[in-house]
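J.: Contents of start04.cif (mmCIF, C-alpha atoms (C1' of nucleotides)):
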```cif
data_target
#
loop_
_atom_site.group_PDB
_atom_site.id
_atom_site.type_symbol
_atom_site.label_atom_id
_atom_site.label_comp_id
_atom_site.auth_asym_id
_atom_site.auth_seq_id
_atom_site.Cartn_x
_atom_site.Cartn_y
_atom_site.Cartn_z
ATOM 1 C CA MET A 59 -229.723 -89.216 -219.333
ATOM 2 C CA PHE A 60 -229.963 -85.450 -218.865
ATOM 3 C CA ALA A 61 -231.821 -85.213 -222.145
ATOM 4 C CA VAL A 62 -234.306 -87.832 -220.986
ATOM 5 C CA LEU A 63 -234.957 -85.955 -217.766
ATOM 6 C CA ALA A 64 -235.168 -82.606 -219.504
ATOM 7 C CA GLU A 65 -238.749 -83.382 -220.484
ATOM 8 C CA PRO A 66 -241.120 -82.226 -217.704
ATOM 9 C CA HIS A 67 -243.779 -84.816 -218.488
ATOM 10 C CA ARG A 68 -241.212 -87.565 -218.197
ATOM 11 C CA ARG A 69 -240.140 -86.303 -214.786
ATOM 12 C CA ARG A 70 -243.804 -86.223 -213.815
ATOM 13 C CA ILE A 71 -244.122 -89.858 -214.857
ATOM 14 C CA LEU A 72 -241.165 -90.771 -212.677
ATOM 15 C CA ASP A 73 -242.759 -88.896 -209.795
ATOM 16 C CA LEU A 74 -245.938 -90.893 -210.223
ATOM 17 C CA LEU A 75 -244.040 -94.163 -210.392
ATOM 18 C CA LEU A 76 -242.212 -93.202 -207.246
ATOM 19 C CA VAL A 77 -245.445 -93.809 -205.408
ATOM 20 C CA GLY A 78 -246.066 -97.142 -207.061
ATOM 21 C CA GLU A 79 -246.657 -99.178 -210.170
ATOM 22 C CA CYS A 80 -248.945 -97.606 -212.780
ATOM 23 C CA SER A 81 -250.668 -98.819 -215.884
ATOM 24 C CA VAL A 82 -250.418 -96.730 -219.035
ATOM 25 C CA GLY A 83 -254.029 -95.762 -218.550
ATOM 26 C CA ASP A 84 -253.300 -94.465 -215.070
ATOM 27 C CA LEU A 85 -250.556 -92.275 -216.450
ATOM 28 C CA VAL A 86 -252.703 -91.027 -219.305
ATOM 29 C CA ALA A 87 -255.342 -90.066 -216.758
ATOM 30 C CA ALA A 88 -252.789 -88.175 -214.693
ATOM 31 C CA LEU A 89 -251.166 -86.316 -217.567
ATOM 32 C CA PRO A 90 -252.525 -83.739 -220.020
ATOM 33 C CA LEU A 91 -251.378 -85.897 -222.925
ATOM 34 C CA ALA A 92 -252.845 -88.300 -225.429
ATOM 35 C CA GLN A 93 -252.182 -91.991 -224.926
ATOM 36 C CA PRO A 94 -249.726 -92.387 -227.809
ATOM 37 C CA THR A 95 -247.692 -89.524 -226.469
ATOM 38 C CA VAL A 96 -247.484 -91.162 -223.075
ATOM 39 C CA SER A 97 -246.459 -94.446 -224.670
ATOM 40 C CA LYS A 98 -243.717 -92.591 -226.526
ATOM 41 C CA HIS A 99 -242.373 -91.105 -223.310
ATOM 42 C CA LEU A 100 -242.511 -94.508 -221.669
ATOM 43 C CA LYS A 101 -240.468 -95.919 -224.505
ATOM 44 C CA VAL A 102 -237.811 -93.281 -223.952
ATOM 45 C CA LEU A 103 -237.793 -93.995 -220.217
ATOM 46 C CA ARG A 104 -237.551 -97.721 -220.902
ATOM 47 C CA GLN A 105 -234.600 -97.247 -223.218
ATOM 48 C CA ALA A 106 -232.926 -95.148 -220.560
ATOM 49 C CA GLY A 107 -233.482 -97.987 -218.083
ATOM 50 C CA LEU A 108 -235.518 -95.748 -215.809
ATOM 51 C CA VAL A 109 -238.663 -97.865 -215.885
ATOM 52 C CA ALA A 110 -239.501 -101.558 -216.236
ATOM 53 C CA VAL A 111 -242.674 -103.115 -217.560
ATOM 54 C CA ARG A 112 -244.748 -106.047 -216.435
ATOM 55 C CA SER A 113 -247.767 -107.486 -218.198
ATOM 56 C CA ASP A 114 -251.104 -107.902 -216.465
ATOM 57 C CA ALA A 115 -253.622 -109.129 -219.039
ATOM 58 C CA GLN A 116 -253.927 -106.354 -221.631
ATOM 59 C CA ARG A 117 -252.443 -103.824 -219.278
ATOM 60 C CA ARG A 118 -248.778 -102.989 -218.961
ATOM 61 C CA LEU A 119 -247.701 -102.040 -215.490
ATOM 62 C CA TYR A 120 -244.729 -99.733 -215.306
ATOM 63 C CA ARG A 121 -242.530 -99.324 -212.300
ATOM 64 C CA LEU A 122 -239.581 -97.156 -211.445
ATOM 65 C CA ARG A 123 -235.997 -98.315 -211.775
ATOM 66 C CA PRO A 124 -233.975 -95.598 -210.061
ATOM 67 C CA GLU A 125 -230.574 -97.187 -210.573
ATOM 68 C CA PRO A 126 -229.573 -95.201 -213.658
ATOM 69 C CA LEU A 127 -230.057 -92.034 -211.650
ATOM 70 C CA ARG A 128 -226.893 -92.892 -209.794
ATOM 71 C CA GLU A 129 -225.143 -91.646 -212.898
ATOM 72 C CA LEU A 130 -226.643 -88.234 -212.241
ATOM 73 C CA ASP A 131 -225.620 -88.429 -208.634
ATOM 74 C CA GLU A 132 -222.055 -89.195 -209.628
ATOM 75 C CA TRP A 133 -221.988 -86.362 -212.122
ATOM 76 C CA LEU A 134 -223.062 -84.026 -209.350
ATOM 77 C CA GLU A 135 -220.320 -85.150 -207.025
ATOM 78 C CA PRO A 136 -217.544 -82.693 -207.949
ATOM 79 C CA TYR A 137 -220.041 -79.828 -207.976
ATOM 80 C CA ARG A 138 -221.320 -80.833 -204.589
ATOM 81 C CA ALA A 139 -217.782 -80.483 -203.400
ATOM 82 C CA ALA A 140 -217.633 -77.052 -205.033
ATOM 83 C CA TRP A 141 -220.683 -75.681 -203.301
ATOM 84 C CA ALA A 142 -219.689 -77.276 -200.034
ATOM 85 C CA THR A 143 -216.759 -74.915 -199.841
ATOM 86 C CA ARG A 144 -218.819 -71.926 -198.894
ATOM 87 C CA LEU A 145 -217.080 -69.759 -201.460
ATOM 88 C CA ASP A 146 -220.428 -69.125 -203.054
ATOM 89 C CA ALA A 147 -221.261 -66.331 -200.654
ATOM 90 C CA LEU A 148 -217.866 -64.768 -201.175
ATOM 91 C CA GLU A 149 -218.205 -64.996 -204.918
ATOM 92 C CA ALA A 150 -221.639 -63.433 -204.780
ATOM 93 C CA HIS A 151 -220.086 -60.604 -202.817
ATOM 94 C CA LEU A 152 -217.324 -60.148 -205.343
ATOM 95 C CA ASP A 153 -219.965 -60.030 -208.058
ATOM 96 C CA THR A 154 -221.681 -57.094 -206.413
ATOM 97 C CA MET A 155 -218.353 -55.285 -206.432
ATOM 98 C CA GLU A 156 -218.381 -55.406 -210.237
ATOM 99 C CA GLY A 157 -220.680 -52.428 -210.700
ATOM 100 C CA PRO A 158 -221.905 -51.896 -214.292
ATOM 101 C CA MET B 294 -232.294 -76.585 -215.184
ATOM 102 C CA PHE B 295 -232.389 -80.090 -216.658
ATOM 103 C CA ALA B 296 -232.808 -78.580 -220.094
ATOM 104 C CA VAL B 297 -229.753 -76.403 -219.581
ATOM 105 C CA LEU B 298 -227.672 -79.391 -218.547
ATOM 106 C CA ALA B 299 -229.006 -81.541 -221.352
ATOM 107 C CA GLU B 300 -226.545 -79.914 -223.738
ATOM 108 C CA PRO B 301 -223.232 -81.828 -223.679
ATOM 109 C CA HIS B 302 -221.148 -78.788 -224.611
ATOM 110 C CA ARG B 303 -222.619 -76.860 -221.720
ATOM 111 C CA ARG B 304 -221.732 -79.647 -219.306
ATOM 112 C CA ARG B 305 -218.238 -79.624 -220.760
ATOM 113 C CA ILE B 306 -218.018 -75.898 -220.070
ATOM 114 C CA LEU B 307 -219.011 -76.475 -216.462
ATOM 115 C CA ASP B 308 -216.378 -79.191 -216.201
ATOM 116 C CA LEU B 309 -213.752 -76.765 -217.447
ATOM 117 C CA LEU B 310 -214.872 -74.077 -215.039
ATOM 118 C CA LEU B 311 -214.716 -76.591 -212.226
ATOM 119 C CA VAL B 312 -210.951 -76.413 -212.540
ATOM 120 C CA GLY B 313 -210.890 -72.638 -212.568
ATOM 121 C CA GLU B 314 -211.873 -69.379 -214.164
ATOM 122 C CA CYS B 315 -211.751 -69.279 -217.971
ATOM 123 C CA SER B 316 -211.944 -66.573 -220.601
ATOM 124 C CA VAL B 317 -214.275 -67.056 -223.542
ATOM 125 C CA GLY B 318 -211.217 -67.605 -225.711
ATOM 126 C CA ASP B 319 -210.028 -70.415 -223.447
ATOM 127 C CA LEU B 320 -213.367 -72.124 -223.790
ATOM 128 C CA VAL B 321 -213.477 -71.662 -227.543
ATOM 129 C CA ALA B 322 -210.034 -73.266 -227.746
ATOM 130 C CA ALA B 323 -211.218 -76.204 -225.678
ATOM 131 C CA LEU B 324 -214.460 -76.810 -227.548
ATOM 132 C CA PRO B 325 -215.153 -77.781 -231.153
ATOM 133 C CA LEU B 326 -217.411 -74.770 -231.567
ATOM 134 C CA ALA B 327 -217.301 -71.328 -233.082
ATOM 135 C CA GLN B 328 -216.909 -68.399 -230.712
ATOM 136 C CA PRO B 329 -220.478 -67.069 -231.077
ATOM 137 C CA THR B 330 -221.813 -70.508 -230.281
ATOM 138 C CA VAL B 331 -219.796 -70.619 -227.086
ATOM 139 C CA SER B 332 -221.004 -67.150 -226.152
ATOM 140 C CA LYS B 333 -224.552 -68.329 -226.691
ATOM 141 C CA HIS B 334 -224.061 -71.278 -224.355
ATOM 142 C CA LEU B 335 -222.488 -68.995 -221.789
ATOM 143 C CA LYS B 336 -225.527 -66.784 -221.965
ATOM 144 C CA VAL B 337 -227.760 -69.749 -221.228
ATOM 145 C CA LEU B 338 -225.544 -70.774 -218.326
ATOM 146 C CA ARG B 339 -225.553 -67.215 -217.007
ATOM 147 C CA GLN B 340 -229.340 -67.032 -217.131
ATOM 148 C CA ALA B 341 -229.489 -70.312 -215.253
ATOM 149 C CA GLY B 342 -227.214 -68.840 -212.612
ATOM 150 C CA LEU B 343 -224.600 -71.512 -213.188
ATOM 151 C CA VAL B 344 -221.785 -69.145 -214.106
ATOM 152 C CA ALA B 345 -220.740 -65.612 -213.212
ATOM 153 C CA VAL B 346 -218.682 -63.180 -215.253
ATOM 154 C CA ARG B 347 -215.898 -60.795 -214.380
ATOM 155 C CA SER B 348 -214.244 -58.300 -216.687
ATOM 156 C CA ASP B 349 -210.509 -58.229 -217.222
ATOM 157 C CA ALA B 350 -209.674 -55.677 -219.926
ATOM 158 C CA GLN B 351 -211.345 -56.930 -223.092
ATOM 159 C CA ARG B 352 -211.652 -60.402 -221.728
ATOM 160 C CA ARG B 353 -214.560 -61.791 -219.790
ATOM 161 C CA LEU B 354 -213.602 -64.322 -217.179
ATOM 162 C CA TYR B 355 -216.263 -66.863 -216.370
ATOM 163 C CA ARG B 356 -216.377 -68.890 -213.216
ATOM 164 C CA LEU B 357 -218.611 -71.603 -211.878
ATOM 165 C CA ARG B 358 -221.522 -70.968 -209.556
ATOM 166 C CA PRO B 359 -222.601 -74.407 -208.408
ATOM 167 C CA GLU B 360 -225.389 -73.278 -206.095
ATOM 168 C CA PRO B 361 -228.268 -73.826 -208.531
ATOM 169 C CA LEU B 362 -227.205 -77.440 -208.823
ATOM 170 C CA ARG B 363 -228.568 -77.978 -205.358
ATOM 171 C CA GLU B 364 -231.951 -77.957 -207.033
ATOM 172 C CA LEU B 365 -230.885 -81.054 -208.942
ATOM 173 C CA ASP B 366 -229.610 -82.621 -205.776
ATOM 174 C CA GLU B 367 -232.929 -82.028 -204.093
ATOM 175 C CA TRP B 368 -234.846 -83.447 -207.017
ATOM 176 C CA LEU B 369 -232.752 -86.587 -206.737
ATOM 177 C CA GLU B 370 -233.477 -87.033 -203.058
ATOM 178 C CA PRO B 371 -236.586 -89.234 -203.219
ATOM 179 C CA TYR B 372 -235.016 -91.378 -205.917
ATOM 180 C CA ARG B 373 -231.906 -91.771 -203.854
ATOM 181 C CA ALA B 374 -234.128 -93.159 -201.162
ATOM 182 C CA ALA B 375 -235.681 -95.482 -203.726
ATOM 183 C CA TRP B 376 -232.424 -97.000 -204.879
ATOM 184 C CA ALA B 377 -231.113 -97.156 -201.330
ATOM 185 C CA THR B 378 -233.705 -99.787 -200.584
ATOM 186 C CA ARG B 379 -231.925 -102.517 -202.455
ATOM 187 C CA LEU B 380 -235.111 -103.572 -204.183
ATOM 188 C CA ASP B 381 -233.401 -102.925 -207.475
ATOM 189 C CA ALA B 382 -231.743 -106.315 -207.526
ATOM 190 C CA LEU B 383 -235.011 -107.985 -206.659
ATOM 191 C CA GLU B 384 -236.831 -106.110 -209.357
ATOM 192 C CA ALA B 385 -234.201 -106.999 -211.895
ATOM 193 C CA HIS B 386 -234.709 -110.608 -210.902
ATOM 194 C CA LEU B 387 -238.463 -110.338 -211.288
ATOM 195 C CA ASP B 388 -237.899 -108.845 -214.734
ATOM 196 C CA THR B 389 -235.982 -111.886 -215.849
ATOM 197 C CA MET B 390 -238.928 -114.027 -214.774
ATOM 198 C CA GLU B 391 -241.047 -112.277 -217.400
ATOM 199 C CA GLY B 392 -239.784 -114.406 -220.281
ATOM 200 C CA PRO B 393 -241.012 -113.282 -223.733
ATOM 201 C "C1'" DC C 93 -263.428 -117.104 -233.995
ATOM 202 C "C1'" DG C 94 -265.425 -112.358 -233.382
ATOM 203 C "C1'" DG C 95 -265.328 -108.403 -230.704
ATOM 204 C "C1'" DC C 96 -263.668 -105.406 -227.190
ATOM 205 C "C1'" DA C 97 -260.131 -103.166 -224.227
ATOM 206 C "C1'" DA C 98 -255.446 -101.637 -223.523
ATOM 207 C "C1'" DT C 99 -251.285 -100.368 -225.460
ATOM 208 C "C1'" DA C 100 -247.804 -99.755 -229.136
ATOM 209 C "C1'" DT C 101 -246.480 -98.055 -233.682
ATOM 210 C "C1'" DT C 102 -246.777 -95.060 -237.685
ATOM 211 C "C1'" DG C 103 -246.862 -90.886 -240.057
ATOM 212 C "C1'" DC C 104 -247.397 -86.349 -239.898
ATOM 213 C "C1'" DC C 105 -246.809 -81.231 -238.358
ATOM 214 C "C1'" DC C 106 -244.662 -77.674 -235.805
ATOM 215 C "C1'" DT C 107 -241.758 -75.525 -232.604
ATOM 216 C "C1'" DA C 108 -237.433 -75.017 -230.126
ATOM 217 C "C1'" DT C 109 -232.773 -74.694 -230.417
ATOM 218 C "C1'" DA C 110 -227.870 -75.629 -231.688
ATOM 219 C "C1'" DG C 111 -224.931 -74.328 -235.148
ATOM 220 C "C1'" DC C 112 -222.989 -71.048 -238.436
ATOM 221 C "C1'" DT C 113 -221.581 -66.330 -240.779
ATOM 222 C "C1'" DA C 114 -221.691 -61.586 -240.590
ATOM 223 C "C1'" DT C 115 -221.880 -57.647 -237.840
ATOM 224 C "C1'" DA C 116 -221.969 -54.791 -233.677
ATOM 225 C "C1'" DT C 117 -219.935 -53.467 -229.252
ATOM 226 C "C1'" DA C 118 -216.489 -52.779 -225.907
ATOM 227 C "C1'" DT C 119 -211.494 -52.026 -224.309
ATOM 228 C "C1'" DG C 120 -206.577 -51.258 -224.591
ATOM 229 C "C1'" DG C 121 -202.380 -49.518 -226.974
ATOM 230 C "C1'" DC C 122 -200.351 -46.401 -230.283
ATOM 231 C "C1'" DG D 5 -208.918 -40.720 -232.688
ATOM 232 C "C1'" DC D 6 -207.691 -45.302 -234.869
ATOM 233 C "C1'" DC D 7 -206.640 -49.970 -235.316
ATOM 234 C "C1'" DA D 8 -206.424 -54.529 -233.105
ATOM 235 C "C1'" DT D 9 -208.309 -57.816 -229.910
ATOM 236 C "C1'" DA D 10 -212.010 -59.996 -227.448
ATOM 237 C "C1'" DT D 11 -216.677 -60.880 -226.904
ATOM 238 C "C1'" DA D 12 -221.603 -60.297 -227.783
ATOM 239 C "C1'" DT D 13 -225.662 -59.951 -230.816
ATOM 240 C "C1'" DA D 14 -228.411 -60.606 -235.033
ATOM 241 C "C1'" DG D 15 -230.123 -63.273 -238.561
ATOM 242 C "C1'" DC D 16 -230.448 -67.479 -240.752
ATOM 243 C "C1'" DT D 17 -230.738 -72.707 -241.532
ATOM 244 C "C1'" DA D 18 -231.312 -77.309 -240.324
ATOM 245 C "C1'" DT D 19 -232.664 -80.832 -237.339
ATOM 246 C "C1'" DA D 20 -234.443 -83.159 -233.215
ATOM 247 C "C1'" DG D 21 -238.220 -84.244 -230.868
ATOM 248 C "C1'" DG D 22 -242.852 -83.534 -228.705
ATOM 249 C "C1'" DG D 23 -247.604 -83.468 -229.914
ATOM 250 C "C1'" DC D 24 -251.698 -85.592 -232.234
ATOM 251 C "C1'" DA D 25 -254.892 -88.736 -235.100
ATOM 252 C "C1'" DA D 26 -255.034 -92.996 -237.307
ATOM 253 C "C1'" DT D 27 -253.808 -97.676 -237.363
ATOM 254 C "C1'" DA D 28 -251.608 -102.021 -235.888
ATOM 255 C "C1'" DT D 29 -250.951 -105.268 -232.138
ATOM 256 C "C1'" DT D 30 -251.910 -107.968 -228.158
ATOM 257 C "C1'" DG D 31 -254.657 -110.487 -225.012
ATOM 258 C "C1'" DC D 32 -259.144 -111.484 -222.880
ATOM 259 C "C1'" DC D 33 -263.877 -113.119 -223.080
ATOM 260 C "C1'" DG D 34 -268.040 -114.847 -224.857
#
```
Represent the structure from my file as C-alpha cells, please.

T.:
Amino acid sequence: MFAVLAEPHRRRILDLLLVGECSVGDLVAALPLAQPTVSKHLKVLRQAGLVAVRSDAQRRLYRLRPEPLRELDEWLEPYRAAWATRLDALEAHLDTMEGP
Amino acid sequence: MFAVLAEPHRRRILDLLLVGECSVGDLVAALPLAQPTVSKHLKVLRQAGLVAVRSDAQRRLYRLRPEPLRELDEWLEPYRAAWATRLDALEAHLDTMEGP
DNA sequence: CGGCAATATTGCCCTATAGCTATATATGGC
DNA sequence: GCCATATATAGCTATAGGGCAATATTGCCG
C-alpha cells in the first residue's frame, strides 16, 4: 500500500479521482505521461483496490475507492498517539542540548 | 515521505522505536539485515526527520520523532472524508452489476 | 465487415535503491 | 598510545519498477 502511494503520479491520479470519475484520456491529458504509462499506473491502483472501473462505450471510467486507505489510517494510529503527547517539543529541546 | 515509509524494514524500525529508544545494535539484532544496511536506513529516517539520535559512549541511541507523520495524516484527510460518506458499499454494489 | 477511437498489453531501456563486504571513524578502558 | 567495541561510510552488484514506442484488444459506427 505504501509502495503504491510512493509514486507521485499515482497520488496525483487519486487526487483527480477525488473530484470525480475520469476516463483514461482525461487522466492522460492531466498528467505529463504517455497513455500506456497511465494505464500501467491504473493497473497498479486497481490491484491495490484504490480505484474501480466502469465501461462507457470504448471509454473506461475510473473512480476512487478510498476504503483501502483505512489501512494507512490504522497504521498511523499508534504514531498519532505518540505525537499527541506533546513530548515532541521537549525532545526537540533535548536535541539542541546535544551540541556537536 | 511515502517513499521513505514504503520500505518495510524502515517501518519495522519505527515500530521498534515506538516502544522506546534503541541503539543501532538493538535494531540490527531485531532485523534480518547487516549492520551497515540498518545504518543506511537510519540515515534515510534521520533525513526524513522521523528519528533523532543521541550519543551514549560509543553507542548511538535512536528515538522516534513522529511529527513528520502529520503530513501523512493531512494527506489522508480528503480521502477520510470520501470513505466517511458510506458510498463505498453502494459503489461496490454497482461494481457487481458490471458483469463481465 | 471495415475502419476508427479508446484503452490495454508487450517488450524494451534506464535509473534508483536495497543489500552486501570492506574500510573508516569515533569512544572508552587498559 | 593501543586495542576493542560500536557505528558510519564507501564501493559495488543486482533487481524492481517507471518511462516510452509499438502492437494487440475492444467496442462503436457506417

J.: Do me a favour and pick out the residues of chain B within 12 Å of chain D, using all atoms listed in the file, as a list in words.

T.: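 Here is what falls inside 12 Å: Ser316, Val317, Gly318, Asp319, Val321, Gln328, Pro329, Thr330, Val331, Ser332, Lys333, His334, Leu335, Lys336, Ser348, Asp349, Ala350, Gln351, Arg352, Arg353 and Leu354 of chain B.
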
J.: What is the atom C1' of DT109 of chain C to atom CA of Ile71 of chain A distance in Å?

T.: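 Distance between the two atoms: 24.5 Å.
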
J.: Let's have chain A fitted on chain B; use all the C-alpha atoms paired in order for the least-squares step and return it as a compact mmCIF listing (two decimals) with C-alpha atoms, keeping the file's coordinate frame.

T.:
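What landed in superposed31.txt:
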```txt
# COMPACT_ATOMS: atom_id res chain seq x y z
CA MET A 59 -232.25 -76.63 -215.21
CA PHE A 60 -232.35 -80.14 -216.68
CA ALA A 61 -232.76 -78.63 -220.12
CA VAL A 62 -229.70 -76.45 -219.58
CA LEU A 63 -227.62 -79.43 -218.55
CA ALA A 64 -228.94 -81.60 -221.35
CA GLU A 65 -226.49 -79.94 -223.74
CA PRO A 66 -223.16 -81.84 -223.68
CA HIS A 67 -221.08 -78.80 -224.60
CA ARG A 68 -222.58 -76.88 -221.72
CA ARG A 69 -221.68 -79.66 -219.30
CA ARG A 70 -218.18 -79.61 -220.76
CA ILE A 71 -217.98 -75.88 -220.06
CA LEU A 72 -218.98 -76.47 -216.46
CA ASP A 73 -216.33 -79.17 -216.20
CA LEU A 74 -213.71 -76.73 -217.43
CA LEU A 75 -214.85 -74.05 -215.03
CA LEU A 76 -214.67 -76.56 -212.23
CA VAL A 77 -210.92 -76.34 -212.53
CA GLY A 78 -210.87 -72.57 -212.57
CA GLU A 79 -211.87 -69.31 -214.16
CA CYS A 80 -211.75 -69.22 -217.97
CA SER A 81 -211.96 -66.52 -220.57
CA VAL A 82 -214.27 -67.02 -223.53
CA GLY A 83 -211.22 -67.55 -225.68
CA ASP A 84 -210.01 -70.34 -223.43
CA LEU A 85 -213.34 -72.08 -223.78
CA VAL A 86 -213.43 -71.61 -227.53
CA ALA A 87 -209.98 -73.19 -227.70
CA ALA A 88 -211.14 -76.15 -225.64
CA LEU A 89 -214.37 -76.78 -227.52
CA PRO A 90 -215.06 -77.78 -231.13
CA LEU A 91 -217.33 -74.76 -231.54
CA ALA A 92 -217.22 -71.31 -233.05
CA GLN A 93 -216.92 -68.36 -230.70
CA PRO A 94 -220.49 -67.11 -231.12
CA THR A 95 -221.79 -70.54 -230.29
CA VAL A 96 -219.77 -70.61 -227.10
CA SER A 97 -221.03 -67.15 -226.17
CA LYS A 98 -224.58 -68.39 -226.70
CA HIS A 99 -224.04 -71.32 -224.36
CA LEU A 100 -222.49 -69.01 -221.81
CA LYS A 101 -225.55 -66.82 -221.98
CA VAL A 102 -227.77 -69.79 -221.24
CA LEU A 103 -225.54 -70.81 -218.33
CA ARG A 104 -225.57 -67.24 -217.03
CA GLN A 105 -229.35 -67.08 -217.15
CA ALA A 106 -229.49 -70.36 -215.28
CA GLY A 107 -227.20 -68.85 -212.63
CA LEU A 108 -224.59 -71.53 -213.21
CA VAL A 109 -221.79 -69.15 -214.13
CA ALA A 110 -220.76 -65.60 -213.22
CA VAL A 111 -218.73 -63.17 -215.27
CA ARG A 112 -215.98 -60.76 -214.38
CA SER A 113 -214.34 -58.26 -216.70
CA ASP A 114 -210.59 -58.15 -217.22
CA ALA A 115 -209.85 -55.56 -219.90
CA GLN A 116 -211.50 -56.83 -223.09
CA ARG A 117 -211.73 -60.33 -221.73
CA ARG A 118 -214.62 -61.75 -219.78
CA LEU A 119 -213.65 -64.28 -217.18
CA TYR A 120 -216.28 -66.85 -216.37
CA ARG A 121 -216.40 -68.86 -213.21
CA LEU A 122 -218.61 -71.60 -211.89
CA ARG A 123 -221.52 -70.96 -209.56
CA PRO A 124 -222.57 -74.42 -208.41
CA GLU A 125 -225.37 -73.30 -206.12
CA PRO A 126 -228.24 -73.85 -208.56
CA LEU A 127 -227.17 -77.47 -208.84
CA ARG A 128 -228.53 -77.99 -205.37
CA GLU A 129 -231.91 -77.99 -207.07
CA LEU A 130 -230.83 -81.08 -208.97
CA ASP A 131 -229.56 -82.65 -205.80
CA GLU A 132 -232.89 -82.06 -204.12
CA TRP A 133 -234.79 -83.49 -207.05
CA LEU A 134 -232.69 -86.61 -206.78
CA GLU A 135 -233.40 -87.05 -203.10
CA PRO A 136 -236.53 -89.23 -203.24
CA TYR A 137 -234.96 -91.39 -205.95
CA ARG A 138 -231.84 -91.80 -203.89
CA ALA A 139 -234.07 -93.16 -201.20
CA ALA A 140 -235.63 -95.50 -203.75
CA TRP A 141 -232.38 -97.02 -204.90
CA ALA A 142 -231.08 -97.19 -201.37
CA THR A 143 -233.68 -99.81 -200.60
CA ARG A 144 -231.92 -102.56 -202.44
CA LEU A 145 -235.11 -103.61 -204.18
CA ASP A 146 -233.42 -102.97 -207.47
CA ALA A 147 -231.79 -106.38 -207.52
CA LEU A 148 -235.06 -108.04 -206.63
CA GLU A 149 -236.89 -106.14 -209.31
CA ALA A 150 -234.27 -107.07 -211.87
CA HIS A 151 -234.82 -110.67 -210.86
CA LEU A 152 -238.56 -110.38 -211.24
CA ASP A 153 -238.00 -108.89 -214.68
CA THR A 154 -236.11 -111.96 -215.81
CA MET A 155 -239.07 -114.05 -214.72
CA GLU A 156 -241.21 -112.27 -217.32
CA GLY A 157 -240.06 -114.36 -220.26
CA PRO A 158 -241.21 -113.06 -223.68
```

J.: Using all atoms listed in the file and a distance of at most 10 Å, pull out the residues of chain C that contact chain B, as a CSV table (one decimal) with C-alpha atoms (C1' of nucleotides), keeping the file's coordinate frame.

T.:
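Done, and the output landed in part-v2.csv:
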```
chain,number,residue,atom,x,y,z
C,110,DA,C1',-227.9,-75.6,-231.7
C,111,DG,C1',-224.9,-74.3,-235.1
C,112,DC,C1',-223.0,-71.0,-238.4
C,113,DT,C1',-221.6,-66.3,-240.8
C,118,DA,C1',-216.5,-52.8,-225.9
C,119,DT,C1',-211.5,-52.0,-224.3
C,120,DG,C1',-206.6,-51.3,-224.6
```

J.: With a cut-off of 9 Å and counting all atoms listed in the file, select all residues of chain B in contact with chain A and give the selection as a VMD selection string.

T.: chain B and resid 294 to 300 311 345 to 348 357 to 360 362 to 363 365 to 366 369 371 to 373 375 to 376 381 384 to 385 388 391

J.: Just the number, please: distance in Å from atom C1' of DA116 of chain C to atom CA of Arg305 of chain B, one decimal.

T.: 28.2 Å

J.: Could you check how far atom CA of Glu314 of chain B sits from atom C1' of DT117 of chain C, in Å to one decimal?

T.: 23.4 Å

J.: Can you sort out the box for segment 97-110 of chain C, edges along x, y and z, all listed atoms in, 6 Å on every side, with centre and edge lengths in Å to one decimal, as AutoDock Vina command-line options?

T.:
```
--center_x -244.0 --center_y -88.9 --center_z -231.8 --size_x 44.3 --size_y 40.5 --size_z 28.5
```
